[in-house]
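Peer 1: Here you go, this is query_20.cif (mmCIF, C-alpha atoms).
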data_entry
#
loop_
_atom_site.label_atom_id
_atom_site.label_comp_id
_atom_site.auth_asym_id
_atom_site.auth_seq_id
_atom_site.Cartn_x
_atom_site.Cartn_y
_atom_site.Cartn_z
CA MET S 1 53.59 1.39 -18.20
CA LYS S 2 52.25 0.99 -21.71
CA PRO S 3 50.04 3.89 -22.82
CA ARG S 4 47.19 1.40 -23.16
CA HIS S 5 47.48 0.36 -19.53
CA LYS S 6 47.87 3.95 -18.47
CA ARG S 7 44.60 4.87 -20.13
CA PHE S 8 42.90 1.87 -18.59
CA THR S 9 44.08 2.87 -15.11
CA LEU S 10 42.96 6.43 -15.67
CA ILE S 11 39.47 5.38 -16.69
CA ALA S 12 39.26 2.78 -13.91
CA VAL S 13 40.00 5.62 -11.47
CA ALA S 14 37.32 7.73 -13.15
CA ILE S 15 34.73 4.95 -12.79
CA ALA S 16 35.73 4.39 -9.16
CA GLY S 17 35.29 8.15 -8.70
CA LEU S 18 31.80 7.95 -10.15
CA ILE S 19 30.89 5.13 -7.78
CA VAL S 20 32.19 7.10 -4.78
CA ALA S 21 30.28 10.15 -6.01
CA SER S 22 27.08 8.10 -6.29
CA VAL S 23 27.48 6.78 -2.75
CA LEU S 24 28.07 10.30 -1.41
CA VAL S 25 25.05 11.53 -3.31
CA MET S 26 22.84 8.76 -1.93
CA ASN S 27 24.12 9.62 1.52
CA ALA S 28 23.18 13.26 1.07
CA LEU S 29 19.73 12.19 -0.01
CA ARG S 30 19.34 9.89 2.98
CA SER S 31 20.36 12.48 5.52
CA ASN S 32 18.09 14.93 3.78
CA THR S 33 15.08 12.65 4.04
CA SER S 34 15.78 11.41 7.54
CA TYR S 35 16.09 14.93 8.98
CA PHE S 36 12.81 16.10 7.55
CA PHE S 37 10.04 16.70 10.07
CA SER S 38 6.43 17.73 10.02
CA PRO S 39 5.28 20.33 12.58
CA THR S 40 3.42 17.54 14.44
CA ARG S 41 6.65 15.63 14.98
CA VAL S 42 8.48 18.80 15.99
CA VAL S 43 5.86 19.62 18.61
CA ALA S 44 6.03 16.00 19.83
CA ASN S 45 9.75 16.60 20.46
CA GLU S 46 10.88 14.04 17.93
CA ALA S 47 13.25 16.40 16.12
CA PRO S 48 16.84 16.90 17.32
CA ARG S 49 17.89 20.38 18.48
CA ASP S 50 21.63 20.03 17.96
CA ARG S 51 21.69 19.86 14.18
CA THR S 52 20.21 21.35 11.03
CA ILE S 53 16.85 19.88 10.17
CA ARG S 54 14.07 20.64 7.73
CA ILE S 55 10.48 21.34 8.50
CA GLY S 56 7.88 21.13 5.78
CA GLY S 57 4.29 22.23 5.75
CA VAL S 58 2.00 25.04 4.77
CA VAL S 59 2.39 28.71 5.70
CA LYS S 60 -0.51 29.45 8.01
CA LYS S 61 -2.99 32.09 6.94
CA ASP S 62 -2.41 35.57 8.41
CA SER S 63 0.75 34.38 10.16
CA ILE S 64 3.38 36.25 8.11
CA LYS S 65 4.81 39.17 10.12
CA ARG S 66 7.46 41.47 8.68
CA LEU S 67 9.86 42.65 11.37
CA LYS S 68 12.56 45.23 10.74
CA GLY S 69 14.66 44.94 7.57
CA LEU S 70 14.54 41.49 6.04
CA ASP S 71 13.64 39.86 9.34
CA MET S 72 10.33 38.09 9.43
CA GLU S 73 8.36 35.39 11.15
CA PHE S 74 5.62 33.06 10.06
CA ILE S 75 3.96 29.85 11.16
CA VAL S 76 4.39 26.52 9.40
CA THR S 77 1.52 24.17 9.98
CA ASP S 78 0.38 20.72 8.93
CA ASN S 79 -3.14 21.54 10.12
CA VAL S 80 -2.45 19.62 13.32
CA ALA S 81 0.46 21.43 14.92
CA ASP S 82 2.17 24.79 14.36
CA VAL S 83 5.81 25.82 14.47
CA LYS S 84 6.86 29.46 14.57
CA VAL S 85 9.69 30.19 12.14
CA PHE S 86 12.10 33.14 12.15
CA TYR S 87 13.86 33.98 8.94
CA SER S 88 16.01 36.75 7.58
CA GLY S 89 16.73 36.82 3.90
CA ILE S 90 15.32 36.76 0.44
CA LEU S 91 12.17 34.76 -0.05
CA PRO S 92 11.42 32.67 -3.11
CA ASP S 93 8.89 34.04 -5.53
CA LEU S 94 6.24 31.47 -4.65
CA PHE S 95 6.34 32.09 -0.90
CA ALA S 96 2.82 32.97 0.23
CA GLU S 97 0.18 32.20 2.80
CA GLU S 98 -1.44 28.80 2.51
CA LYS S 99 1.31 27.56 0.19
CA SER S 100 3.74 24.72 0.82
CA VAL S 101 7.20 25.51 2.11
CA VAL S 102 10.28 23.62 3.22
CA THR S 103 12.43 25.46 5.73
CA LYS S 104 15.96 24.49 6.68
CA GLY S 105 17.50 25.52 9.97
CA ARG S 106 17.77 24.76 13.69
CA LEU S 107 15.24 24.36 16.45
CA GLN S 108 15.71 26.84 19.29
CA ALA S 109 15.39 26.08 23.01
CA ASP S 110 11.97 27.75 23.16
CA GLY S 111 10.57 25.51 20.42
CA THR S 112 10.71 28.09 17.66
CA PHE S 113 12.65 27.47 14.48
CA LYS S 114 15.44 29.65 13.11
CA ALA S 115 15.53 29.11 9.35
CA GLU S 116 18.64 29.59 7.22
CA GLN S 117 16.79 28.81 4.03
CA VAL S 118 13.17 28.91 2.96
CA LEU S 119 12.13 26.98 -0.12
CA ALA S 120 8.72 27.17 -1.74
CA LYS S 121 6.91 24.35 -3.45
CA HIS S 122 4.54 24.87 -6.31
CA ASP S 123 1.57 22.69 -7.14
CA GLU S 124 1.10 20.52 -10.20
CA LYS S 125 -1.35 22.95 -11.75
CA TYR S 126 -0.41 24.83 -14.90
CA ILE S 127 -3.48 26.99 -15.27
CA PRO S 128 -4.12 30.75 -15.34
CA PRO S 129 -5.25 32.36 -12.06
CA GLU S 130 -8.80 33.06 -13.30
CA VAL S 131 -9.30 29.39 -14.12
CA ALA S 132 -7.80 28.33 -10.79
CA GLU S 133 -10.16 30.69 -9.02
CA ALA S 134 -13.15 29.32 -10.95
CA MET S 135 -12.12 25.75 -10.19
CA LYS S 136 -11.75 26.56 -6.51
CA LYS S 137 -15.21 28.11 -6.41
CA ALA S 138 -16.75 25.15 -8.20
CA LYS S 139 -15.11 22.80 -5.71
CA GLU S 140 -16.43 24.82 -2.76
CA LEU S 141 -19.92 24.81 -4.24
CA LYS S 142 -19.79 21.07 -4.69
CA ALA S 143 -18.57 20.62 -1.13
CA LYS S 144 -21.43 22.78 0.16
CA SER S 145 -24.11 20.91 -1.78
CA GLN S 146 -22.98 17.58 -0.41
CA MET D 1 3.82 41.70 -27.27
CA SER D 2 6.86 43.82 -28.10
CA LEU D 3 10.33 42.39 -28.58
CA SER D 4 11.68 43.81 -25.34
CA GLU D 5 8.72 42.41 -23.44
CA PHE D 6 9.37 39.05 -25.06
CA ILE D 7 13.03 39.11 -24.06
CA SER D 8 12.38 40.21 -20.49
CA MET D 9 9.80 37.42 -19.91
CA GLY D 10 8.18 39.41 -17.15
CA GLY D 11 11.54 39.87 -15.43
CA TYR D 12 12.53 36.22 -15.63
CA GLY D 13 14.32 36.45 -18.98
CA PHE D 14 17.68 35.43 -17.54
CA TYR D 15 16.34 32.12 -16.24
CA VAL D 16 14.20 31.34 -19.28
CA TRP D 17 16.89 32.21 -21.84
CA MET D 18 19.66 30.45 -19.97
CA SER D 19 17.54 27.28 -20.10
CA PHE D 20 16.49 27.54 -23.74
CA GLY D 21 19.94 28.84 -24.73
CA MET D 22 21.82 25.94 -23.20
CA THR D 23 19.41 23.48 -24.83
CA ALA D 24 19.89 25.07 -28.26
CA LEU D 25 23.65 25.28 -27.76
CA LEU D 26 24.12 21.65 -26.76
CA ILE D 27 21.86 20.27 -29.49
CA THR D 28 23.65 22.36 -32.14
CA ALA D 29 27.03 21.34 -30.75
CA GLU D 30 26.03 17.68 -30.79
CA VAL D 31 24.97 17.78 -34.45
CA VAL D 32 28.10 19.70 -35.50
CA TYR D 33 30.33 17.32 -33.56
CA VAL D 34 28.77 14.15 -35.03
CA LYS D 35 29.06 15.56 -38.56
CA HIS D 36 32.68 16.56 -37.95
CA GLN D 37 33.40 13.11 -36.53
CA ARG D 38 31.96 11.52 -39.68
CA LYS D 39 34.21 13.61 -41.94
CA GLN D 40 37.25 12.68 -39.87
CA ILE D 41 36.47 8.96 -39.97
CA LEU D 42 35.91 9.04 -43.74
CA ARG D 43 39.16 10.96 -44.28
CA ARG D 44 41.10 8.51 -42.15
CA LEU D 45 39.60 5.48 -43.88
CA GLN D 46 40.41 6.99 -47.28
CA ARG D 47 44.03 7.56 -46.25
CA MET D 48 44.24 3.98 -45.05
CA ALA D 49 42.79 2.74 -48.34
CA GLN D 50 45.37 4.77 -50.27
CA LEU D 51 48.22 3.39 -48.17
CA ASN D 52 46.95 -0.12 -48.76
CA ALA D 53 46.71 0.51 -52.50
CA GLU D 54 50.32 1.77 -52.63
CA VAL D 55 51.74 -1.28 -50.88
CA MET J 1 5.48 -12.94 -47.08
CA SER J 2 7.08 -11.52 -43.99
CA ILE J 3 9.73 -8.86 -43.87
CA ASN J 4 13.14 -10.24 -43.12
CA TRP J 5 14.02 -8.23 -40.01
CA PHE J 6 17.34 -9.97 -39.70
CA LYS J 7 18.37 -8.37 -42.93
CA TYR J 8 18.24 -4.97 -41.18
CA SER J 9 20.13 -6.21 -38.18
CA SER J 10 23.31 -6.35 -40.22
CA PRO J 11 25.39 -3.17 -40.11
CA GLN J 12 25.86 -3.25 -43.86
CA THR J 13 22.14 -2.95 -44.64
CA PHE J 14 21.36 -0.70 -41.70
CA TYR J 15 24.01 1.88 -42.63
CA PRO J 16 22.25 3.21 -45.77
CA LEU J 17 18.82 2.86 -44.13
CA ALA J 18 19.91 5.02 -41.19
CA GLY J 19 21.36 7.52 -43.64
CA LYS J 20 18.06 7.72 -45.52
CA MET J 21 15.98 8.18 -42.36
CA THR J 22 18.15 10.84 -40.70
CA PRO J 23 17.01 13.88 -42.75
CA TRP J 24 13.35 12.94 -42.27
CA PHE J 25 13.66 12.79 -38.52
CA ASN J 26 15.70 15.99 -38.52
CA TRP J 27 13.09 17.85 -40.54
CA ILE J 28 10.19 16.61 -38.42
CA ALA J 29 12.10 17.50 -35.24
CA GLY J 30 12.89 20.98 -36.56
CA ILE J 31 9.34 21.73 -37.70
CA LEU J 32 7.85 20.44 -34.46
CA ALA J 33 10.33 22.53 -32.46
CA VAL J 34 9.33 25.70 -34.32
CA VAL J 35 5.61 25.00 -33.87
CA GLY J 36 6.06 23.93 -30.24
CA LEU J 37 8.13 26.97 -29.32
CA TYR J 38 5.74 29.32 -31.11
CA TRP J 39 2.82 27.75 -29.27
CA GLY J 40 4.67 27.71 -25.98
CA PHE J 41 5.64 31.38 -26.10
CA PHE J 42 2.75 33.04 -27.90
CA GLU J 43 -0.38 30.98 -27.36
CA THR J 44 -0.02 30.31 -23.64
CA PRO J 45 -0.94 32.44 -20.62
CA HIS J 46 1.80 34.66 -19.15
CA ILE J 47 0.87 34.04 -15.56
CA LEU J 48 -0.28 30.86 -13.90
CA SER J 49 -2.09 30.49 -10.61
CA GLU J 50 1.19 29.82 -8.82
CA GLN J 51 3.92 30.55 -11.34
CA LYS J 52 4.99 33.40 -13.59
CA GLN J 53 6.60 33.40 -17.02
CA TYR J 54 9.53 31.26 -15.90
CA TYR J 55 7.19 28.27 -16.04
CA ARG J 56 8.03 28.24 -19.78
CA ILE J 57 11.25 26.45 -18.84
CA LEU J 58 8.86 23.49 -18.64
CA PHE J 59 8.86 23.29 -22.45
CA VAL J 60 12.49 22.17 -22.46
CA HIS J 61 12.82 20.77 -18.94
CA VAL J 62 10.06 18.16 -19.08
CA PRO J 63 10.83 16.84 -22.60
CA ALA J 64 14.53 16.65 -21.72
CA ALA J 65 13.72 14.79 -18.51
CA TRP J 66 11.52 12.31 -20.36
CA MET J 67 14.18 11.77 -23.00
CA SER J 68 16.87 11.24 -20.37
CA MET J 69 14.85 8.32 -19.01
CA TRP J 70 13.49 6.98 -22.31
CA LEU J 71 16.90 6.97 -23.95
CA TYR J 72 18.34 5.10 -20.99
CA LEU J 73 15.65 2.43 -21.39
CA MET J 74 16.34 2.28 -25.14
CA MET J 75 20.05 1.95 -24.47
CA VAL J 76 19.49 -0.86 -21.95
CA GLY J 77 17.04 -2.50 -24.37
CA TRP J 78 19.61 -2.61 -27.17
CA ALA J 79 22.32 -3.71 -24.77
CA VAL J 80 20.16 -6.60 -23.54
CA VAL J 81 19.29 -7.64 -27.11
CA GLY J 82 23.02 -7.60 -27.80
CA LEU J 83 23.76 -9.74 -24.75
CA ILE J 84 21.11 -12.31 -25.66
CA PHE J 85 21.42 -12.55 -29.45
CA ASN J 86 25.02 -11.43 -29.69
CA THR J 87 24.22 -9.00 -32.50
CA ARG J 88 26.85 -6.38 -33.27
CA LEU J 89 24.39 -3.75 -34.41
CA SER J 90 22.49 -3.78 -31.10
CA PHE J 91 25.62 -2.88 -29.18
CA MET J 92 26.39 -0.17 -31.72
CA MET J 93 22.90 1.29 -31.22
CA ALA J 94 23.34 1.24 -27.44
CA ALA J 95 26.69 3.00 -27.76
CA SER J 96 25.16 5.60 -30.10
CA ILE J 97 22.32 6.46 -27.77
CA ALA J 98 24.45 7.00 -24.64
CA PRO J 99 25.96 10.43 -25.49
CA SER J 100 22.56 11.90 -26.39
CA GLY J 101 21.10 10.48 -23.20
CA ALA J 102 23.88 12.11 -21.21
CA ILE J 103 23.24 15.45 -22.92
CA PHE J 104 19.52 15.30 -22.19
CA THR J 105 20.22 14.36 -18.58
CA PHE J 106 22.58 17.30 -18.23
CA LEU J 107 19.97 19.59 -19.81
CA THR J 108 17.36 18.30 -17.37
CA LEU J 109 19.59 19.21 -14.44
CA TRP J 110 20.61 22.55 -15.95
CA THR J 111 17.13 23.77 -16.87
CA GLY J 112 15.85 22.36 -13.57
CA ALA J 113 18.40 24.45 -11.69
CA PHE J 114 17.19 27.65 -13.34
CA TRP J 115 13.56 26.76 -12.76
CA GLY J 116 14.30 25.75 -9.18
CA GLN J 117 16.10 29.01 -8.46
CA THR J 118 13.12 31.09 -9.57
CA SER J 119 10.27 29.04 -8.17
CA TRP J 120 11.58 27.15 -5.15
CA GLY J 121 14.40 29.53 -4.30
CA THR J 122 17.35 27.20 -4.74
CA TRP J 123 19.59 26.08 -7.61
CA TRP J 124 20.02 22.63 -6.18
CA ASP J 125 18.55 20.52 -3.44
CA TRP J 126 18.97 16.90 -2.45
CA ASP J 127 15.45 16.20 -3.52
CA PRO J 128 14.89 12.50 -4.40
CA ARG J 129 14.11 13.19 -8.02
CA MET J 130 17.05 15.52 -8.56
CA THR J 131 19.41 13.17 -6.76
CA SER J 132 18.39 10.17 -8.82
CA GLU J 133 18.64 12.22 -12.03
CA LEU J 134 22.21 13.15 -11.05
CA ILE J 135 23.00 9.46 -10.59
CA LEU J 136 21.53 8.82 -14.03
CA LEU J 137 24.08 11.28 -15.42
CA PHE J 138 26.83 9.35 -13.61
CA LEU J 139 25.50 6.13 -15.16
CA TYR J 140 25.65 7.52 -18.68
CA VAL J 141 29.16 8.85 -18.10
CA GLY J 142 30.20 5.56 -16.50
CA TYR J 143 28.80 3.61 -19.45
CA MET J 144 30.74 5.71 -21.95
CA ALA J 145 33.92 5.61 -19.85
CA LEU J 146 33.77 1.83 -19.52
CA GLN J 147 33.15 1.48 -23.24
CA SER J 148 36.25 3.48 -24.10
CA ALA J 149 38.38 1.97 -21.34
CA ILE J 150 38.38 -1.55 -22.76
CA ASP J 151 40.19 -1.94 -26.06
CA ASP J 152 38.55 -5.20 -27.07
CA THR J 153 35.22 -4.04 -28.52
CA ARG J 154 33.31 -7.22 -27.68
CA ARG J 155 34.41 -7.17 -24.06
CA ALA J 156 33.77 -3.42 -23.83
CA ASP J 157 30.24 -3.92 -25.17
CA ARG J 158 29.44 -6.70 -22.73
CA ALA J 159 30.89 -4.97 -19.68
CA SER J 160 29.15 -1.67 -20.38
CA ALA J 161 25.88 -3.46 -21.18
CA LEU J 162 26.00 -5.07 -17.73
CA LEU J 163 26.66 -1.69 -16.11
CA ALA J 164 23.72 -0.17 -17.99
CA LEU J 165 21.47 -3.05 -17.01
CA VAL J 166 22.31 -2.79 -13.30
CA GLY J 167 21.87 0.98 -13.43
CA ALA J 168 18.39 0.62 -14.93
CA ILE J 169 17.07 0.44 -11.36
CA CYS J 170 17.51 4.21 -11.35
CA ILE J 171 14.69 4.78 -13.85
CA PRO J 172 11.73 3.60 -11.74
CA ILE J 173 13.25 5.46 -8.79
CA ILE J 174 13.27 8.73 -10.73
CA TYR J 175 9.80 8.07 -12.03
CA TRP J 176 8.17 7.30 -8.70
CA SER J 177 10.30 9.57 -6.52
CA VAL J 178 7.70 12.33 -6.40
CA ASN J 179 4.50 10.43 -5.97
CA CYS J 180 4.74 10.06 -2.25
CA PRO J 181 1.26 9.90 -0.74
CA ASP J 182 1.36 12.85 1.65
CA PRO J 183 3.26 15.92 0.40
CA ASN J 184 3.83 17.03 3.98
CA GLU J 185 5.49 13.77 4.86
CA CYS J 186 8.11 13.74 2.16
CA THR J 187 10.93 16.09 1.48
CA ALA J 188 10.43 16.17 -2.29
CA LEU J 189 10.33 19.64 -3.77
CA HIS J 190 8.98 18.31 -7.04
CA GLN J 191 5.23 18.25 -7.17
CA GLN J 192 3.28 15.16 -8.10
CA SER J 193 3.06 14.69 -11.80
CA SER J 194 -0.40 15.17 -13.13
CA MET J 195 -1.90 15.98 -16.49
CA SER J 196 -5.25 16.93 -15.04
CA ALA J 197 -4.80 20.61 -14.36
CA VAL J 198 -2.77 21.83 -17.31
CA GLU J 199 -4.07 24.65 -19.44
CA PRO J 200 -4.85 23.15 -22.92
CA ASN J 201 -2.43 25.37 -24.86
CA ILE J 202 0.38 24.60 -22.44
CA ARG J 203 -0.34 20.90 -22.84
CA ILE J 204 -0.29 21.18 -26.66
CA ALA J 205 3.03 23.06 -26.71
CA TRP J 206 4.52 20.67 -24.21
CA LEU J 207 3.47 17.52 -26.11
CA ILE J 208 4.76 18.98 -29.39
CA MET J 209 8.11 19.65 -27.73
CA VAL J 210 8.23 16.09 -26.39
CA PHE J 211 7.68 14.73 -29.94
CA SER J 212 10.25 17.13 -31.32
CA PHE J 213 12.86 15.91 -28.84
CA TRP J 214 11.95 12.30 -29.66
CA MET J 215 12.45 12.86 -33.38
CA TYR J 216 15.73 14.64 -32.74
CA ALA J 217 16.88 11.73 -30.57
CA PHE J 218 16.18 9.32 -33.45
CA ALA J 219 17.99 11.54 -35.94
CA ILE J 220 21.11 12.01 -33.87
CA ALA J 221 21.24 8.33 -32.87
CA PHE J 222 21.10 7.32 -36.55
CA MET J 223 23.78 9.86 -37.42
CA ARG J 224 26.02 8.59 -34.66
CA VAL J 225 25.43 4.91 -35.32
CA ARG J 226 26.68 5.46 -38.89
CA ASN J 227 29.94 6.77 -37.47
CA VAL J 228 30.17 3.82 -35.11
CA ILE J 229 29.48 1.36 -37.95
CA LEU J 230 32.17 2.91 -40.15
CA GLU J 231 34.65 2.86 -37.31
CA ARG J 232 33.98 -0.71 -36.23
CA GLU J 233 33.52 -2.28 -39.66
CA ARG J 234 36.42 -0.42 -41.26
CA ASN J 235 38.01 -3.67 -42.40
CA ALA J 236 34.85 -5.00 -44.01
CA ALA J 237 34.83 -5.11 -47.80
CA TRP J 238 31.68 -3.00 -48.13
CA VAL J 239 33.19 -0.17 -46.09
CA THR J 240 36.37 -0.10 -48.15
CA GLU J 241 34.26 -0.04 -51.27
CA LEU J 242 32.08 2.75 -49.88
CA VAL J 243 35.09 4.84 -48.88
CA GLY J 244 36.60 4.32 -52.32
CA ARG J 245 33.42 5.58 -53.97
CA LYS J 246 33.32 8.71 -51.77
CA LYS J 247 36.50 10.07 -53.31
#
As structure tokens, please, write out the structure in this file.
Peer 2:
Amino acid sequence: MKPRHKRFTLIAVAIAGLIVASVLVMNALRSNTSYFFSPTRVVANEAPRDRTIRIGGVVKKDSIKRLKGLDMEFIVTDNVADVKVFYSGILPDLFAEEKSVVTKGRLQADGTFKAEQVLAKHDEKYIPPEVAEAMKKAKELKAKSQ
Amino acid sequence: MSLSEFISMGGYGFYVWMSFGMTALLITAEVVYVKHQRKQILRRLQRMAQLNAEV
Amino acid sequence: MSINWFKYSSPQTFYPLAGKMTPWFNWIAGILAVVGLYWGFFETPHILSEQKQYYRILFVHVPAAWMSMWLYLMMVGWAVVGLIFNTRLSFMMAASIAPSGAIFTFLTLWTGAFWGQTSWGTWWDWDPRMTSELILLFLYVGYMALQSAIDDTRRADRASALLALVGAICIPIIYWSVNCPDPNECTALHQQSSMSAVEPNIRIAWLIMVFSFWMYAFAIAFMRVRNVILERERNAAWVTELVGRKK
């Protein structure tokens, strides 16, 4: 083989590799989106129990309970239905009550969720806490006056 | 704000400086590489011109 | 009298023009970066309502992410102009933008990983925006690989331009991948993009950094296109003359 052809083959293989990688990546994305459930759908028994799924929602107020060691439980809610989640491990910095989370794990026979991973979501606000507090109060006032 | 406070970034220094560091590194590397490439091309073209002149 | 734009579409006239503009863009980029970084680190709050000091990664992450998409559009734009008008310089511009675009895309993923690890709790996730950004990196790499794989420059230009054009579908996907109507219904970890609730000093620093990256992108593209012109036009009389003078 001429060196020119050799190089061409090599790069053709590289491009084919990139295409395969893209397909795999799209596949990962698809399975990620299709196995994402809200607590409402979990309670309605729409989520499979035999595989890893994700549940996304908000951590319910006053629902975080520290058990022994790193073990803990909390409730993920979408304000319609609740799912109790067990987790043991390190929590992300943003994990808090009334904040969005995505948990990854398996549904148990009793309807609770055993999480392997807990991810936190942050909002689109880039403001200091005092300002956020003031904005929240202003919003509440406005809501009351209406 | 003291220097050590600045570096620690409230305990998140590793994450912040890894991000800014990689950005600085890659941009510097890109500029250096493009300049080096230019020198190489000019040198090669000059050599070719010399060879042509000798023939 | 109108300016003769076609005059500047020839590599011979564009070469010195690009050389003259490069230092300007470099200086503006450098000054803006200093101002932007100063503002971003010293004039902004340390703690946000939901995030701590790691939010400062935003000052490189967001500009890099914007550039990764903008440069791709620029690259496709030049490639399309090249396909339609068959101008050599357009293809050279497209080829000069690609490496910078790839670097910015990589930086977006890299800085995003560090931000993600601190705030969300993971280095990587198959979030729609992250996934499509990764594919954008593949597209840049694929474009450059295809360009260097084909020895005939004209064919290489046309083939890679087509690849870039087809891949452009990725850009709107990245852009709209987070704005799904109900955050509880979609798996995206990225939050909706919004300029409404950004502290003014953070916004200033962030916009300055975006402009700085833009200016840098111009500078480096002009620097690289000069290399590409020299390489491709090496047999042209003006290049031989120029090289002779450089001695």
Peer 1: Can you spell out as number ranges by chain the set of residues that the PyMOL selection byres ((chain J and resi 52-61) around 8) selects in the structure I just provided?
Peer 2: D: 9-10, 12-13, 15-16, 19-20, 23; J: 37, 40-41, 46-48, 50-51, 62-65, 107-108, 111-112, 115, 118, 205-206, 209
Peer 1: Once you have the residues from the selection above, write them out as a PDB file, in the frame of the given file, restricted to C-alpha atoms.
Peer 2:
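Writing done, so here's out_11.pdb:
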ATOM      1  CA  MET D   9       9.800  37.420 -19.910  1.00  0.00           C
ATOM      2  CA  GLY D  10       8.180  39.410 -17.150  1.00  0.00           C
ATOM      3  CA  TYR D  12      12.530  36.220 -15.630  1.00  0.00           C
ATOM      4  CA  GLY D  13      14.320  36.450 -18.980  1.00  0.00           C
ATOM      5  CA  TYR D  15      16.340  32.120 -16.240  1.00  0.00           C
ATOM      6  CA  VAL D  16      14.200  31.340 -19.280  1.00  0.00           C
ATOM      7  CA  SER D  19      17.540  27.280 -20.100  1.00  0.00           C
ATOM      8  CA  PHE D  20      16.490  27.540 -23.740  1.00  0.00           C
ATOM      9  CA  THR D  23      19.410  23.480 -24.830  1.00  0.00           C
TER      10      THR D  23
ATOM     11  CA  LEU J  37       8.130  26.970 -29.320  1.00  0.00           C
ATOM     12  CA  GLY J  40       4.670  27.710 -25.980  1.00  0.00           C
ATOM     13  CA  PHE J  41       5.640  31.380 -26.100  1.00  0.00           C
ATOM     14  CA  HIS J  46       1.800  34.660 -19.150  1.00  0.00           C
ATOM     15  CA  ILE J  47       0.870  34.040 -15.560  1.00  0.00           C
ATOM     16  CA  LEU J  48      -0.280  30.860 -13.900  1.00  0.00           C
ATOM     17  CA  GLU J  50       1.190  29.820  -8.820  1.00  0.00           C
ATOM     18  CA  GLN J  51       3.920  30.550 -11.340  1.00  0.00           C
ATOM     19  CA  VAL J  62      10.060  18.160 -19.080  1.00  0.00           C
ATOM     20  CA  PRO J  63      10.830  16.840 -22.600  1.00  0.00           C
ATOM     21  CA  ALA J  64      14.530  16.650 -21.720  1.00  0.00           C
ATOM     22  CA  ALA J  65      13.720  14.790 -18.510  1.00  0.00           C
ATOM     23  CA  LEU J 107      19.970  19.590 -19.810  1.00  0.00           C
ATOM     24  CA  THR J 108      17.360  18.300 -17.370  1.00  0.00           C
ATOM     25  CA  THR J 111      17.130  23.770 -16.870  1.00  0.00           C
ATOM     26  CA  GLY J 112      15.850  22.360 -13.570  1.00  0.00           C
ATOM     27  CA  TRP J 115      13.560  26.760 -12.760  1.00  0.00           C
ATOM     28  CA  THR J 118      13.120  31.090  -9.570  1.00  0.00           C
ATOM     29  CA  ALA J 205       3.030  23.060 -26.710  1.00  0.00           C
ATOM     30  CA  TRP J 206       4.520  20.670 -24.210  1.00  0.00           C
ATOM     31  CA  MET J 209       8.110  19.650 -27.730  1.00  0.00           C
TER      32      MET J 209
END
Peer 1: Would you translate the PyMOL selection byres ((chain S and resi 83) around 8) into the concrete set of residues it matches in this file, as a short mmCIF file (atom, residue, chain, number, x, y, z; two decimals) with C-alpha atoms, keeping the file's coordinate frame?
Peer 2:
data_model
loop_
_atom_site.label_atom_id
_atom_site.label_comp_id
_atom_site.auth_asym_id
_atom_site.auth_seq_id
_atom_site.Cartn_x
_atom_site.Cartn_y
_atom_site.Cartn_z
CA PRO S 39 5.28 20.33 12.58
CA VAL S 42 8.48 18.80 15.99
CA VAL S 43 5.86 19.62 18.61
CA ILE S 75 3.96 29.85 11.16
CA VAL S 76 4.39 26.52 9.40
CA THR S 77 1.52 24.17 9.98
CA ALA S 81 0.46 21.43 14.92
CA ASP S 82 2.17 24.79 14.36
CA LYS S 84 6.86 29.46 14.57
CA VAL S 85 9.69 30.19 12.14
CA GLY S 111 10.57 25.51 20.42
CA THR S 112 10.71 28.09 17.66
CA PHE S 113 12.65 27.47 14.48
#
Peer 1: Quick one: contact table of chain S to chain J, 7 Å max, nearest atom pair and distance in Å to one decimal per residue, counting all atoms listed in the file, chain and number order, as a Markdown table?
Peer 2:
| residue | atom | partner | partner_atom | distance |
| --- | --- | --- | --- | --- |
| S:Arg7 | CA | J:Ala149 | CA | 7.0 |
| S:Phe8 | CA | J:Ala149 | CA | 5.3 |
| S:Ile11 | CA | J:Ala149 | CA | 5.9 |
| S:Ile15 | CA | J:Gly142 | CA | 5.9 |
| S:Leu18 | CA | J:Phe138 | CA | 6.2 |
| S:Ser22 | CA | J:Ile135 | CA | 6.1 |
| S:Val25 | CA | J:Thr131 | CA | 6.8 |
| S:Ala28 | CA | J:Trp126 | CA | 6.6 |
| S:Leu29 | CA | J:Trp126 | CA | 5.4 |
| S:Asn32 | CA | J:Trp126 | CA | 6.6 |
| S:Thr33 | CA | J:Thr187 | CA | 6.0 |
| S:Phe36 | CA | J:Thr187 | CA | 6.4 |
| S:Ser38 | CA | J:Glu185 | CA | 6.6 |
| S:Gly56 | CA | J:Asn184 | CA | 6.0 |
| S:Gly57 | CA | J:Asn184 | CA | 5.5 |
| S:Pro92 | CA | J:Gly121 | CA | 4.5 |
| S:Asp93 | CA | J:Ser119 | CA | 5.8 |
| S:Leu94 | CA | J:Ser119 | CA | 5.9 |
| S:Leu119 | CA | J:Trp120 | CA | 5.1 |
| S:Ala120 | CA | J:Trp120 | CA | 4.5 |
| S:Lys121 | CA | J:Trp120 | CA | 5.7 |
| S:His122 | CA | J:Glu50 | CA | 6.5 |
| S:Asp123 | CA | J:Gln191 | CA | 5.8 |
| S:Glu124 | CA | J:Gln191 | CA | 5.6 |
| S:Lys125 | CA | J:Ala197 | CA | 4.9 |
| S:Tyr126 | CA | J:Val198 | CA | 4.5 |
| S:Ile127 | CA | J:Glu199 | CA | 4.8 |
| S:Pro128 | CA | J:Leu48 | CA | 4.1 |
| S:Pro129 | CA | J:Ser49 | CA | 3.9 |
| S:Ala132 | CA | J:Ser49 | CA | 6.1 |
